[in-house]
$ cat structure.tsv   # TSV, C-alpha atoms and all ligand atoms
chain	number	residue	atom	x	y	z
A	1	LYS	CA	0.00	0.00	0.00
A	2	MET	CA	1.29	3.43	-0.86
A	3	ALA	CA	0.89	6.23	1.61
A	4	ALA	CA	0.35	9.63	0.01
A	5	PRO	CA	3.15	12.03	0.84
A	6	ARG	CA	1.36	14.96	2.44
A	7	ALA	CA	3.62	17.64	1.07
A	8	LEU	CA	3.00	16.45	-2.47
A	9	PHE	CA	-0.75	16.45	-2.10
A	10	GLY	CA	-0.69	20.15	-1.39
A	11	VAL	CA	0.17	20.88	-5.01
A	12	LEU	CA	-2.16	18.37	-6.56
A	13	LEU	CA	-4.20	19.95	-9.34
A	14	ILE	CA	-7.43	18.39	-10.48
A	15	SER	CA	-9.89	20.00	-12.88
A	16	ALA	CA	-13.61	20.37	-12.11
A	17	GLY	CA	-14.30	18.04	-15.02
A	18	ALA	CA	-12.21	15.33	-13.46
A	19	ALA	CA	-14.05	15.79	-10.21
A	20	ASP	CA	-17.44	15.29	-11.86
A	21	ALA	CA	-16.21	12.17	-13.59
A	22	PHE	CA	-15.06	11.03	-10.17
A	23	SER	CA	-18.53	11.50	-8.66
A	24	SER	CA	-20.23	9.54	-11.42
A	25	SER	CA	-17.67	6.79	-11.16
A	26	LEU	CA	-18.28	6.58	-7.42
A	27	LEU	CA	-22.01	6.39	-7.97
A	28	SER	CA	-21.70	3.63	-10.49
A	29	SER	CA	-19.28	1.83	-8.14
A	30	SER	CA	-16.70	1.55	-10.83
A	31	PHE	CA	-14.10	-0.20	-8.73
A	32	LEU	CA	-12.20	-2.61	-10.89
A	33	PRO	CA	-12.10	-5.99	-9.17
A	34	GLY	CA	-8.56	-7.14	-8.90
A	35	THR	CA	-7.07	-3.65	-8.88
A	36	SER	CA	-4.20	-4.03	-6.52
A	37	ARG	CA	-3.71	-1.26	-3.99
A	38	ALA	CA	-0.08	-2.25	-3.86
A	39	SER	CA	0.20	-1.70	-7.60
A	40	LEU	CA	-0.54	2.01	-7.25
A	41	SER	CA	2.43	4.14	-7.97
A	42	LEU	CA	3.39	7.61	-9.02
A	43	SER	CA	2.96	7.04	-12.70
A	44	HIS	CA	4.37	9.01	-15.59
A	45	ARG	CA	1.74	9.79	-18.16
A	46	SER	CA	4.14	10.17	-21.01
A	47	SER	CA	1.27	10.55	-23.47
A	48	ALA	CA	0.49	13.87	-21.79
A	49	ALA	CA	3.89	15.34	-22.71
A	50	PRO	CA	3.58	18.17	-25.23
A	51	ALA	CA	4.79	17.36	-28.75
A	52	GLY	CA	8.52	17.74	-29.19
A	53	ARG	CA	9.16	17.62	-25.49
A	54	THR	CA	9.81	14.54	-23.45
A	55	VAL	CA	8.37	14.02	-20.00
A	56	ALA	CA	11.87	14.03	-18.56
A	57	GLU	CA	12.43	17.54	-19.92
A	58	GLY	CA	10.16	19.18	-17.39
A	59	ALA	CA	6.54	18.09	-17.55
A	60	VAL	CA	7.26	15.28	-15.18
A	61	GLY	CA	6.46	17.11	-11.95
A	62	LEU	CA	2.71	17.75	-12.12
A	63	ASP	CA	2.01	14.75	-14.30
A	64	MET	CA	3.43	12.51	-11.65
A	65	LEU	CA	1.60	14.25	-8.84
A	66	VAL	CA	-1.85	13.86	-10.38
A	67	ASP	CA	-1.92	10.26	-9.26
A	68	VAL	CA	-1.06	10.91	-5.62
A	69	PRO	CA	-3.98	9.65	-3.54
A	70	LYS	CA	-5.16	11.38	-0.39
A	71	GLN	CA	-4.75	9.31	2.77
A	72	VAL	CA	-7.91	9.47	4.86
A	73	LEU	CA	-8.81	7.99	8.24
A	74	VAL	CA	-12.51	7.26	8.79
A	75	THR	CA	-13.58	6.73	12.41
A	76	GLY	CA	-16.80	4.89	13.19
A	77	ALA	CA	-15.93	2.96	10.04
A	78	SER	CA	-18.10	0.02	11.07
A	79	GLY	CA	-21.06	2.32	11.65
A	80	ARG	CA	-23.71	2.81	9.00
A	81	THR	CA	-22.53	6.15	7.58
A	82	GLY	CA	-18.88	5.51	8.43
A	83	PHE	CA	-18.84	2.24	6.53
A	84	ALA	CA	-20.46	3.89	3.49
A	85	VAL	CA	-17.71	6.56	3.56
A	86	PHE	CA	-14.95	3.98	3.99
A	87	LYS	CA	-16.34	1.89	1.12
A	88	LEU	CA	-16.51	4.83	-1.29
A	89	LEU	CA	-12.93	5.77	-0.48
A	90	TRP	CA	-11.75	2.15	-0.66
A	91	GLU	CA	-13.36	1.67	-4.06
A	92	ASN	CA	-11.38	4.61	-5.44
A	93	PRO	CA	-7.78	3.72	-4.67
A	94	LYS	CA	-6.50	5.99	-7.40
A	95	ASP	CA	-7.72	8.98	-5.43
A	96	PHE	CA	-7.72	7.81	-1.83
A	97	VAL	CA	-5.85	5.61	0.58
A	98	ALA	CA	-8.65	4.59	2.96
A	99	GLN	CA	-7.99	3.73	6.60
A	100	GLY	CA	-10.74	2.70	8.98
A	101	PHE	CA	-10.86	3.02	12.78
A	102	VAL	CA	-13.16	0.50	14.50
A	103	ARG	CA	-13.64	-0.55	18.11
A	104	SER	CA	-14.28	-4.28	17.75
A	105	GLU	CA	-13.16	-7.41	15.91
A	106	LYS	CA	-16.69	-7.61	14.54
A	107	GLY	CA	-16.31	-4.11	13.12
A	108	ALA	CA	-12.94	-5.04	11.61
A	109	LYS	CA	-14.55	-8.04	9.88
A	110	MET	CA	-16.97	-5.71	8.05
A	111	LEU	CA	-14.04	-3.86	6.53
A	112	GLU	CA	-12.17	-7.09	5.82
A	113	LYS	CA	-15.13	-8.27	3.75
A	114	ILE	CA	-14.39	-5.56	1.17
A	115	GLY	CA	-10.68	-6.34	1.17
A	116	ALA	CA	-9.21	-4.15	3.92
A	117	SER	CA	-6.62	-5.68	6.23
A	118	LEU	CA	-5.55	-5.45	9.84
A	119	GLY	CA	-1.99	-5.88	8.63
A	120	ASP	CA	0.37	-8.58	9.71
A	121	SER	CA	-0.20	-10.28	13.05
A	122	ASP	CA	2.43	-9.90	15.77
A	123	SER	CA	3.73	-13.43	15.12
A	124	ILE	CA	4.22	-12.70	11.40
A	125	LYS	CA	5.92	-9.42	12.25
A	126	THR	CA	8.28	-11.31	14.56
A	127	SER	CA	9.13	-13.85	11.85
A	128	ASN	CA	9.59	-11.01	9.34
A	129	ALA	CA	12.01	-9.32	11.71
A	130	LYS	CA	13.99	-12.57	12.04
A	131	LEU	CA	14.15	-12.90	8.25
A	132	ARG	CA	15.31	-9.31	7.89
A	133	ALA	CA	18.00	-9.95	10.52
A	134	LEU	CA	19.24	-12.71	8.25
A	135	GLY	CA	19.39	-10.22	5.38
A	136	MET	CA	16.27	-11.50	3.63
A	137	PRO	CA	13.55	-9.19	2.29
A	138	ALA	CA	10.42	-9.46	4.48
A	139	ASP	CA	8.22	-6.36	4.70
A	140	ASP	CA	5.36	-6.14	7.17
A	141	GLU	CA	1.98	-5.52	5.58
A	142	ASP	CA	0.63	-2.09	6.60
A	143	PRO	CA	-2.84	-2.14	8.17
A	144	ASP	CA	-5.88	-0.45	6.60
A	145	ILE	CA	-7.94	-1.18	9.70
A	146	PHE	CA	-7.08	0.13	13.16
A	147	LEU	CA	-8.67	-1.23	16.32
A	148	GLY	CA	-9.18	1.14	19.24
A	149	ASP	CA	-11.48	3.42	21.12
A	150	ILE	CA	-11.91	7.15	20.65
A	151	SER	CA	-11.68	7.61	24.42
A	152	ASP	CA	-8.11	6.30	24.19
A	153	MET	CA	-5.88	8.76	22.34
A	154	ALA	CA	-3.01	6.28	22.30
A	155	SER	CA	-5.09	3.97	20.11
A	156	LEU	CA	-6.04	6.82	17.76
A	157	ALA	CA	-2.55	8.15	17.17
A	158	PRO	CA	-1.14	5.27	15.05
A	159	ALA	CA	-4.29	5.29	12.92
A	160	MET	CA	-3.95	8.99	12.11
A	161	ARG	CA	-0.20	8.87	11.44
A	162	ASN	CA	0.57	10.05	7.87
A	163	CYS	CA	-3.08	10.82	7.12
A	164	ASP	CA	-3.99	13.96	5.20
A	165	ALA	CA	-7.58	13.99	6.39
A	166	LEU	CA	-9.83	12.66	9.12
A	167	VAL	CA	-13.54	11.86	8.70
A	168	ILE	CA	-15.37	11.62	12.03
A	169	CYS	CA	-18.39	9.33	11.89
A	170	THR	CA	-18.47	8.21	15.53
A	171	SER	CA	-21.48	8.87	17.68
A	172	GLY	CA	-23.24	7.77	20.83
A	173	VAL	CA	-25.74	5.11	19.80
A	174	PRO	CA	-29.11	5.11	21.56
A	175	LYS	CA	-30.40	1.64	22.40
A	176	LEU	CA	-33.85	0.29	23.13
A	177	ARG	CA	-34.40	-2.17	25.96
A	178	LYS	CA	-36.27	-5.35	24.94
A	179	THR	CA	-39.05	-4.54	27.43
A	180	GLU	CA	-39.44	-1.13	25.77
A	181	LEU	CA	-39.84	-2.76	22.40
A	182	PHE	CA	-42.59	-4.94	23.78
A	183	LYS	CA	-44.34	-1.98	25.46
A	184	SER	CA	-44.19	0.06	22.25
A	185	ILE	CA	-45.66	-2.74	20.14
A	186	LEU	CA	-48.40	-3.20	22.71
A	187	SER	CA	-49.19	0.54	22.76
A	188	LYS	CA	-49.39	0.56	18.98
A	189	LEU	CA	-51.77	-2.40	19.00
A	190	ILE	CA	-54.14	-0.65	21.38
A	191	GLY	CA	-53.79	2.60	19.44
A	192	ARG	CA	-51.89	4.60	22.10
A	193	GLN	CA	-49.07	7.02	21.37
A	194	ARG	CA	-45.99	6.19	23.41
A	195	MET	CA	-42.46	7.49	23.14
A	196	PRO	CA	-40.14	4.49	23.70
A	197	LYS	CA	-37.39	5.01	26.26
A	198	PHE	CA	-33.81	4.71	25.04
A	199	TYR	CA	-30.54	4.47	26.89
A	200	TYR	CA	-26.87	4.92	25.97
A	201	GLU	CA	-24.16	2.46	26.95
A	202	THR	CA	-21.74	5.38	26.76
A	203	MET	CA	-23.26	8.82	26.99
A	204	PRO	CA	-22.96	11.38	24.17
A	205	GLU	CA	-20.89	13.57	26.48
A	206	GLN	CA	-18.14	10.92	26.31
A	207	ILE	CA	-18.53	10.06	22.61
A	208	ASP	CA	-19.86	13.11	20.78
A	209	TRP	CA	-17.89	15.63	22.85
A	210	GLU	CA	-14.84	14.11	24.58
A	211	GLY	CA	-14.25	11.40	21.97
A	212	CYS	CA	-14.62	13.92	19.18
A	213	ARG	CA	-12.24	16.32	20.93
A	214	ASN	CA	-9.69	13.50	21.23
A	215	GLN	CA	-9.91	12.82	17.51
A	216	ILE	CA	-9.45	16.51	16.65
A	217	ASP	CA	-6.44	16.74	18.97
A	218	VAL	CA	-4.83	13.63	17.48
A	219	ALA	CA	-5.44	14.81	13.90
A	220	LYS	CA	-3.94	18.21	14.72
A	221	GLU	CA	-0.94	16.63	16.40
A	222	ALA	CA	-0.42	14.35	13.38
A	223	GLY	CA	-0.47	17.33	10.99
A	224	GLY	CA	-3.73	16.42	9.25
A	225	ASP	CA	-4.97	19.24	7.06
A	226	HIS	CA	-8.71	18.55	6.80
A	227	ILE	CA	-11.26	17.22	9.28
A	228	VAL	CA	-14.74	16.36	8.03
A	229	LEU	CA	-17.21	15.91	10.87
A	230	VAL	CA	-20.54	14.20	10.32
A	231	SER	CA	-22.75	15.89	12.91
A	232	SER	CA	-26.50	16.50	12.84
A	233	MET	CA	-29.13	19.02	11.90
A	234	GLY	CA	-30.59	20.71	14.98
A	235	VAL	CA	-27.33	21.93	16.55
A	236	SER	CA	-27.99	25.63	15.90
A	237	PRO	CA	-28.82	27.65	19.05
A	238	ALA	CA	-32.40	28.22	17.83
A	239	LYS	CA	-33.17	24.49	17.63
A	240	ASN	CA	-30.80	23.02	20.19
A	241	ASN	CA	-32.80	23.15	23.42
A	242	GLY	CA	-34.19	20.83	26.07
A	243	ASP	CA	-37.42	20.31	24.10
A	244	ASN	CA	-35.59	18.91	21.10
A	245	ILE	CA	-36.51	15.25	20.90
A	246	LEU	CA	-32.94	14.28	19.97
A	247	ASN	CA	-31.70	15.84	23.22
A	248	LYS	CA	-34.35	13.98	25.20
A	249	ILE	CA	-33.38	10.54	23.89
A	250	GLY	CA	-31.76	8.65	26.77
A	251	ASP	CA	-31.34	12.04	28.55
A	252	GLY	CA	-28.23	12.27	26.43
A	253	ASN	CA	-28.43	15.92	25.24
A	254	ILE	CA	-26.67	14.67	22.15
A	255	LEU	CA	-27.06	17.89	20.18
A	256	VAL	CA	-25.63	19.92	23.03
A	257	TRP	CA	-22.45	17.79	23.03
A	258	LYS	CA	-22.25	17.76	19.24
A	259	ALA	CA	-22.46	21.56	19.21
A	260	LYS	CA	-19.62	21.73	21.75
A	261	ALA	CA	-17.48	19.48	19.56
A	262	GLU	CA	-18.23	21.64	16.53
A	263	GLU	CA	-17.10	24.77	18.40
A	264	TYR	CA	-13.90	23.01	19.42
A	265	LEU	CA	-13.24	21.92	15.84
A	266	ALA	CA	-13.86	25.42	14.48
A	267	ALA	CA	-11.35	26.82	17.00
A	268	SER	CA	-8.77	24.06	16.41
A	269	GLY	CA	-6.94	25.76	13.57
A	270	VAL	CA	-7.26	22.66	11.37
A	271	ASP	CA	-9.28	23.16	8.16
A	272	TYR	CA	-12.68	21.64	8.69
A	273	THR	CA	-16.01	20.86	7.07
A	274	ILE	CA	-19.07	20.02	9.17
A	275	ILE	CA	-21.96	18.17	7.61
A	276	HIS	CA	-25.37	18.25	9.32
A	277	PRO	CA	-27.63	15.56	7.89
A	278	GLY	CA	-31.37	15.40	8.43
A	279	GLY	CA	-32.89	12.03	9.36
A	280	LEU	CA	-30.68	9.24	8.05
A	281	LEU	CA	-32.10	6.53	5.81
A	282	ASN	CA	-30.67	3.12	4.96
A	283	LYS	CA	-31.57	3.58	1.29
A	284	ALA	CA	-29.49	3.55	-1.86
A	285	GLY	CA	-27.45	6.64	-2.60
A	286	GLY	CA	-27.26	8.45	-5.92
A	287	GLU	CA	-30.99	8.27	-6.60
A	288	ARG	CA	-32.14	11.55	-5.12
A	289	GLU	CA	-31.64	15.26	-5.50
A	290	ILE	CA	-29.66	16.49	-2.53
A	291	VAL	CA	-30.63	19.83	-1.03
A	292	LEU	CA	-28.11	21.79	1.04
A	293	GLY	CA	-28.72	24.62	3.48
A	294	VAL	CA	-27.22	26.37	6.48
A	295	ASN	CA	-28.13	27.29	10.07
A	296	ASP	CA	-30.92	24.68	10.31
A	297	GLU	CA	-33.04	26.75	7.92
A	298	LEU	CA	-34.02	23.55	6.10
A	299	LEU	CA	-35.83	22.31	9.22
A	300	ASP	CA	-38.51	24.94	8.50
A	301	ALA	CA	-38.07	25.25	4.73
A	302	TYR	CA	-37.65	21.70	3.42
A	303	GLU	CA	-41.29	21.30	2.32
A	304	SER	CA	-41.38	24.57	0.43
A	305	LEU	CA	-38.26	23.39	-1.40
A	306	GLY	CA	-39.97	20.15	-2.42
A	307	ALA	CA	-37.66	18.12	-0.19
A	308	THR	CA	-38.06	15.70	2.70
A	309	ARG	CA	-36.38	16.01	6.11
A	310	ALA	CA	-34.32	12.90	5.42
A	311	ILE	CA	-31.32	11.76	3.39
A	312	PRO	CA	-29.81	8.31	2.70
A	313	ARG	CA	-26.60	7.54	4.58
A	314	GLU	CA	-24.97	6.68	1.24
A	315	ASP	CA	-25.72	10.21	0.00
A	316	VAL	CA	-24.18	11.68	3.14
A	317	ALA	CA	-21.14	9.48	2.49
A	318	MET	CA	-20.93	10.87	-1.03
A	319	LEU	CA	-21.09	14.43	0.35
A	320	VAL	CA	-18.18	13.56	2.66
A	321	VAL	CA	-16.12	12.22	-0.22
A	322	GLN	CA	-16.95	15.23	-2.36
A	323	ALA	CA	-16.02	17.54	0.52
A	324	LEU	CA	-12.61	15.83	0.63
A	325	ARG	CA	-12.42	16.19	-3.12
A	326	HIS	CA	-13.45	19.86	-3.24
A	327	LYS	CA	-11.79	20.92	-0.03
A	328	GLU	CA	-11.18	24.43	-1.34
A	329	LEU	CA	-14.95	24.99	-1.71
A	330	VAL	CA	-15.93	23.80	1.76
A	331	THR	CA	-13.02	24.74	4.01
A	332	ASN	CA	-14.16	26.01	7.39
A	333	MET	CA	-17.81	25.65	6.49
A	334	SER	CA	-20.80	23.87	8.01
A	335	PHE	CA	-23.81	22.88	5.94
A	336	ASP	CA	-27.04	20.95	6.35
A	337	CYS	CA	-28.33	18.30	3.97
A	338	VAL	CA	-31.65	16.65	3.16
A	339	SER	CA	-32.97	15.15	-0.07
A	340	LYS	CA	-35.98	15.10	-2.34
A	341	ALA	CA	-37.96	11.87	-2.64
A	342	PRO	CA	-36.83	9.61	-5.52
A	343	GLY	CA	-38.53	10.75	-8.71
A	344	GLU	CA	-38.85	14.34	-7.43
A	345	GLY	CA	-36.12	16.43	-8.98
A	346	LYS	CA	-32.96	15.06	-10.57
A	347	PRO	CA	-30.46	12.83	-8.78
A	348	THR	CA	-27.45	14.93	-7.80
A	349	MET	CA	-24.42	14.05	-9.89
A	350	SER	CA	-22.37	17.21	-9.70
A	351	PHE	CA	-21.31	18.48	-6.30
A	352	ALA	CA	-19.08	21.50	-6.89
A	353	PRO	CA	-22.04	23.73	-7.91
A	354	LEU	CA	-23.90	22.71	-4.75
A	355	PHE	CA	-20.93	23.66	-2.61
A	356	GLU	CA	-20.35	26.90	-4.54
A	357	ALA	CA	-23.97	27.94	-3.96
A	358	LEU	CA	-23.40	27.77	-0.19
A	359	SER	CA	-20.96	30.65	-0.02
B	401	LIG	P1	-23.86	4.74	13.66
B	401	LIG	O1	-24.23	3.65	12.72
B	401	LIG	O2	-24.63	4.84	14.94
B	401	LIG	O3	-22.31	4.64	13.95
B	401	LIG	C1	-21.68	5.20	15.07
B	401	LIG	C2	-20.27	4.65	15.09
B	401	LIG	O4	-19.57	5.17	16.20
B	401	LIG	C3	-20.24	3.12	15.20
B	401	LIG	O5	-19.36	2.62	14.21
B	401	LIG	C4	-19.65	2.87	16.57
B	401	LIG	O6	-18.87	1.69	16.63
B	401	LIG	C5	-18.76	4.10	16.70
B	401	LIG	N1	-18.40	4.34	18.09
B	401	LIG	C6	-19.21	4.61	19.13
B	401	LIG	N2	-18.50	4.72	20.26
B	401	LIG	C7	-17.19	4.53	19.92
B	401	LIG	C8	-15.98	4.52	20.65
B	401	LIG	N3	-15.95	4.76	21.97
B	401	LIG	N4	-14.82	4.29	19.97
B	401	LIG	C9	-14.84	4.05	18.64
B	401	LIG	N5	-15.96	4.05	17.89
B	401	LIG	C10	-17.13	4.28	18.53
B	401	LIG	O7	-23.93	6.15	12.91
B	401	LIG	P2	-25.05	6.68	11.95
B	401	LIG	O8	-26.43	6.38	12.47
B	401	LIG	O9	-24.72	6.32	10.56
B	401	LIG	O10	-24.86	8.27	12.17
B	401	LIG	C11	-23.71	8.96	11.68
B	401	LIG	C12	-23.71	10.34	12.31
B	401	LIG	O11	-24.87	11.05	11.89
B	401	LIG	C13	-23.74	10.35	13.83
B	401	LIG	O12	-22.97	11.42	14.30
B	401	LIG	C14	-25.20	10.59	14.14
B	401	LIG	O13	-25.39	11.16	15.42
B	401	LIG	C15	-25.55	11.56	13.03
B	401	LIG	N6	-26.96	11.68	12.68
B	401	LIG	C16	-27.84	10.63	12.79
B	401	LIG	C17	-29.15	10.80	12.36
B	401	LIG	C18	-30.12	9.64	12.39
B	401	LIG	O14	-31.22	9.78	11.82
B	401	LIG	N7	-29.77	8.52	12.98
B	401	LIG	C19	-29.58	12.02	11.85
B	401	LIG	C20	-28.65	13.05	11.73
B	401	LIG	C21	-27.35	12.87	12.13
B	401	LIG	P3	-19.55	0.24	16.48
B	401	LIG	O15	-19.70	0.04	14.99
B	401	LIG	O16	-18.56	-0.67	17.09
B	401	LIG	O17	-20.86	0.29	17.20
$ encode --input "structure.tsv" --output "structure tokens"
Amino acid sequence: KMAAPRALFGVLLISAGAADAFSSSLLSSSFLPGTSRASLSLSHRSSAAPAGRTVAEGAVGLDMLVDVPKQVLVTGASGRTGFAVFKLLWENPKDFVAQGFVRSEKGAKMLEKIGASLGDSDSIKTSNAKLRALGMPADDEDPDIFLGDISDMASLAPAMRNCDALVICTSGVPKLRKTELFKSILSKLIGRQRMPKFYYETMPEQIDWEGCRNQIDVAKEAGGDHIVLVSSMGVSPAKNNGDNILNKIGDGNILVWKAKAEEYLAASGVDYTIIHPGGLLNKAGGEREIVLGVNDELLDAYESLGATRAIPREDVAMLVVQALRHKELVTNMSFDCVSKAPGEGKPTMSFAPLFEALS
């Protein structure tokens, strides 16, 4: 696997046309089976050399750099949005070196299913070291998957090393007790409205605030130059109060802690993009028109715009990837996203104009 040299990525030039082709190729999941990540290299495109001039005479610099992929760590990579982000990045090895941070073996297995690796085991590394001591070539395989917990900065640091960007998809996950499920079904059967009671194993204060802060600190320390945070609509002061149903879930005040993390990120000095999705759907991406807004205005205006309050997780993942792609258009910005129902409007294929319309 080739890690993208950060300094080189800074001068990478990609045209808007190339970016649009990229978005359509992501949507049509154009990953070529069998493409070896190890086979990626800084390639000369000698055909691009102007007539009468060889690549070696000077055109070599930028031509070579065009193929440098951006190395991105996705946290919460076994979560529903996080996995969709990781998969999009993984399927585009020409543009991205994808790394996933997960907290369990089960999570790691999800990423392994699409070809990612935990790297060599300790016993293989030991044998490799013995072979190297004997003068034989034996390289350790670099991991794509990192196991750890966002409350433990020491487990985050190796995952972020050498990364250009961090995508934060971790979140406190509300859970429903079995008895609550039963009570809710019963209430529905007898026609009564009942709000089921949720609980958190780890409260949003620890995950959405402290865990997020840890990730920002580690990314800053590692020299990352872009953090994309998947947060939530409803964090603006006007909507983020005790009556907000999202804050009431499990008495977690999740939006309060998310807002605190956003403030911390904005003050961190690292370039950032914050994405606030509406209600997340486990539906296919690329089939709907995406509608962007700011300051939670969509919460009141979505209907008048012909949109719904919701958006598929796969479309949010695409927005993340496009934000990485068009960093210059979304640096130090926060935006909200919802979508139109399928068949209403045209599926969004081109993202730069959407981002440009925000500023
Ligand atoms: P999700 O599936 O709930 O994933 C959350 C991820 O966080 C999981 O992968 C989980 O790991 C990971 N995580 C939790 N605690 C961790 C810890 N201590 N260390 C490492 N990883 C940890 O996420 P989602 O529903 O797709 O939501 C993505 C984001 O959008 C979240 O910020 C969410 O709050 C926000 N959002 C949700 C909605 C909605 O309708 N649900 C609406 C708007 C915004 P495991 O895989 O091991 O559990």
$ closest_residue --input "structure.tsv" --among "A:Ser184, A:Gln322, A:Gln206, A:Ser117" --to "ligand LIG 401 (chain B)" --atoms "all atoms listed in the file"
A:Gln206
$ closest_atom_pairs --input "structure.tsv" --of "chain A" --to "ligand LIG 401 (chain B)" --cutoff "7 Å" --atoms "only C-alpha atoms and all ligand atoms" --output "Markdown table"
| residue | atom | partner | partner_atom | distance |
| --- | --- | --- | --- | --- |
| A:Thr75 | CA | B:LIG401 | N5 | 6.5 |
| A:Gly76 | CA | B:LIG401 | O5 | 3.6 |
| A:Ala77 | CA | B:LIG401 | O5 | 5.4 |
| A:Ser78 | CA | B:LIG401 | O15 | 4.2 |
| A:Gly79 | CA | B:LIG401 | O5 | 3.1 |
| A:Arg80 | CA | B:LIG401 | O1 | 3.8 |
| A:Thr81 | CA | B:LIG401 | O9 | 3.7 |
| A:Gly82 | CA | B:LIG401 | O9 | 6.3 |
| A:Val102 | CA | B:LIG401 | N5 | 5.7 |
| A:Arg103 | CA | B:LIG401 | C9 | 4.8 |
| A:Ser104 | CA | B:LIG401 | O16 | 5.6 |
| A:Gly107 | CA | B:LIG401 | O15 | 5.7 |
| A:Gly148 | CA | B:LIG401 | C9 | 6.4 |
| A:Asp149 | CA | B:LIG401 | N4 | 3.6 |
| A:Ile150 | CA | B:LIG401 | N4 | 4.1 |
| A:Ser151 | CA | B:LIG401 | N3 | 5.7 |
| A:Cys169 | CA | B:LIG401 | C11 | 5.3 |
| A:Thr170 | CA | B:LIG401 | O4 | 3.3 |
| A:Ser171 | CA | B:LIG401 | O4 | 4.4 |
| A:Gly172 | CA | B:LIG401 | C6 | 5.4 |
| A:Val173 | CA | B:LIG401 | O2 | 5.0 |
| A:Ile207 | CA | B:LIG401 | N2 | 5.8 |
| A:Gly211 | CA | B:LIG401 | N3 | 6.9 |
| A:Val230 | CA | B:LIG401 | C12 | 5.4 |
| A:Ser231 | CA | B:LIG401 | O12 | 4.7 |
| A:Ser232 | CA | B:LIG401 | C21 | 3.8 |
| A:Met233 | CA | B:LIG401 | C20 | 6.0 |
| A:His276 | CA | B:LIG401 | C21 | 6.4 |
| A:Pro277 | CA | B:LIG401 | C20 | 4.7 |
| A:Gly278 | CA | B:LIG401 | C20 | 4.9 |
| A:Gly279 | CA | B:LIG401 | O14 | 3.7 |
| A:Leu280 | CA | B:LIG401 | O14 | 3.8 |
| A:Leu281 | CA | B:LIG401 | O14 | 6.9 |
| A:Arg313 | CA | B:LIG401 | O9 | 6.4 |
$ closest_residue --input "structure.tsv" --among "A:Gly242, A:Pro342, A:Gly269, A:Gly250" --to "Pro204 (chain A)" --atoms "all atoms listed in the file"
A:Gly250
$ atom_distance --input "structure.tsv" --atom1 "CA of Asn162 (chain A)" --atom2 "CA of Ser121 (chain A)"
21.0 Å
$ atom_distance --input "structure.tsv" --atom1 "CA of Asp315 (chain A)" --atom2 "CA of Gly345 (chain A)"
15.1 Å
$ atom_distance --input "structure.tsv" --atom1 "CA of Cys163 (chain A)" --atom2 "CA of Ala259 (chain A)"
25.2 Å
$ residues_around --input "structure.tsv" --residues "region 284-296 of chain A" --least-positions-apart "4" --cutoff "8 Å" --atoms "all atoms listed in the file" --output "PyMOL selection string"
chain A and resi 27+233-236+239+300+307+311-315+318+334-349+354+358
$ residues_around --input "structure.tsv" --residues "Ile114 (chain A)" --least-positions-apart "5" --cutoff "12 Å" --atoms "all atoms listed in the file" --output "VMD selection string"
chain A and resid 31 33 to 34 78 83 to 84 86 to 91 98 100 108 to 109 144 to 145
$ write_last_selection --input "structure.tsv" --atoms "C-alpha atoms" --output "PDB file, keeping the file's coordinate frame"
ATOM      1  CA  PHE A  31     -14.100  -0.200  -8.730  1.00  0.00           C
ATOM      2  CA  PRO A  33     -12.100  -5.990  -9.170  1.00  0.00           C
ATOM      3  CA  GLY A  34      -8.560  -7.140  -8.900  1.00  0.00           C
ATOM      4  CA  SER A  78     -18.100   0.020  11.070  1.00  0.00           C
ATOM      5  CA  PHE A  83     -18.840   2.240   6.530  1.00  0.00           C
ATOM      6  CA  ALA A  84     -20.460   3.890   3.490  1.00  0.00           C
ATOM      7  CA  PHE A  86     -14.950   3.980   3.990  1.00  0.00           C
ATOM      8  CA  LYS A  87     -16.340   1.890   1.120  1.00  0.00           C
ATOM      9  CA  LEU A  88     -16.510   4.830  -1.290  1.00  0.00           C
ATOM     10  CA  LEU A  89     -12.930   5.770  -0.480  1.00  0.00           C
ATOM     11  CA  TRP A  90     -11.750   2.150  -0.660  1.00  0.00           C
ATOM     12  CA  GLU A  91     -13.360   1.670  -4.060  1.00  0.00           C
ATOM     13  CA  ALA A  98      -8.650   4.590   2.960  1.00  0.00           C
ATOM     14  CA  GLY A 100     -10.740   2.700   8.980  1.00  0.00           C
ATOM     15  CA  ALA A 108     -12.940  -5.040  11.610  1.00  0.00           C
ATOM     16  CA  LYS A 109     -14.550  -8.040   9.880  1.00  0.00           C
ATOM     17  CA  ASP A 144      -5.880  -0.450   6.600  1.00  0.00           C
ATOM     18  CA  ILE A 145      -7.940  -1.180   9.700  1.00  0.00           C
TER      19      ILE A 145
END
$ closest_residue --input "structure.tsv" --among "A:Gly191, A:Pro137, A:Gly223, A:Pro69" --to "Asp271 (chain A)" --atoms "all atoms listed in the file"
A:Gly223
$ closest_residue --input "structure.tsv" --among "A:Ala238, A:Val330, A:Ile227, A:Ala219" --to "Ala157 (chain A)" --atoms "all atoms listed in the file"
A:Ala219
$ axis_aligned_box --input "structure.tsv" --around "region 332-347 of chain A" --padding-each-side "6 Å" --output "lines of an AutoDock Vina configuration file"
center_x = -26.5
center_y = 17.8
center_z = -1.3
size_x = 36.7
size_y = 28.4
size_z = 30.6
$ closest_residue --input "structure.tsv" --among "A:Glu328, A:Glu262, A:Asp95, A:Glu210" --to "Asp225 (chain A)" --atoms "only C-alpha atoms"
A:Glu328
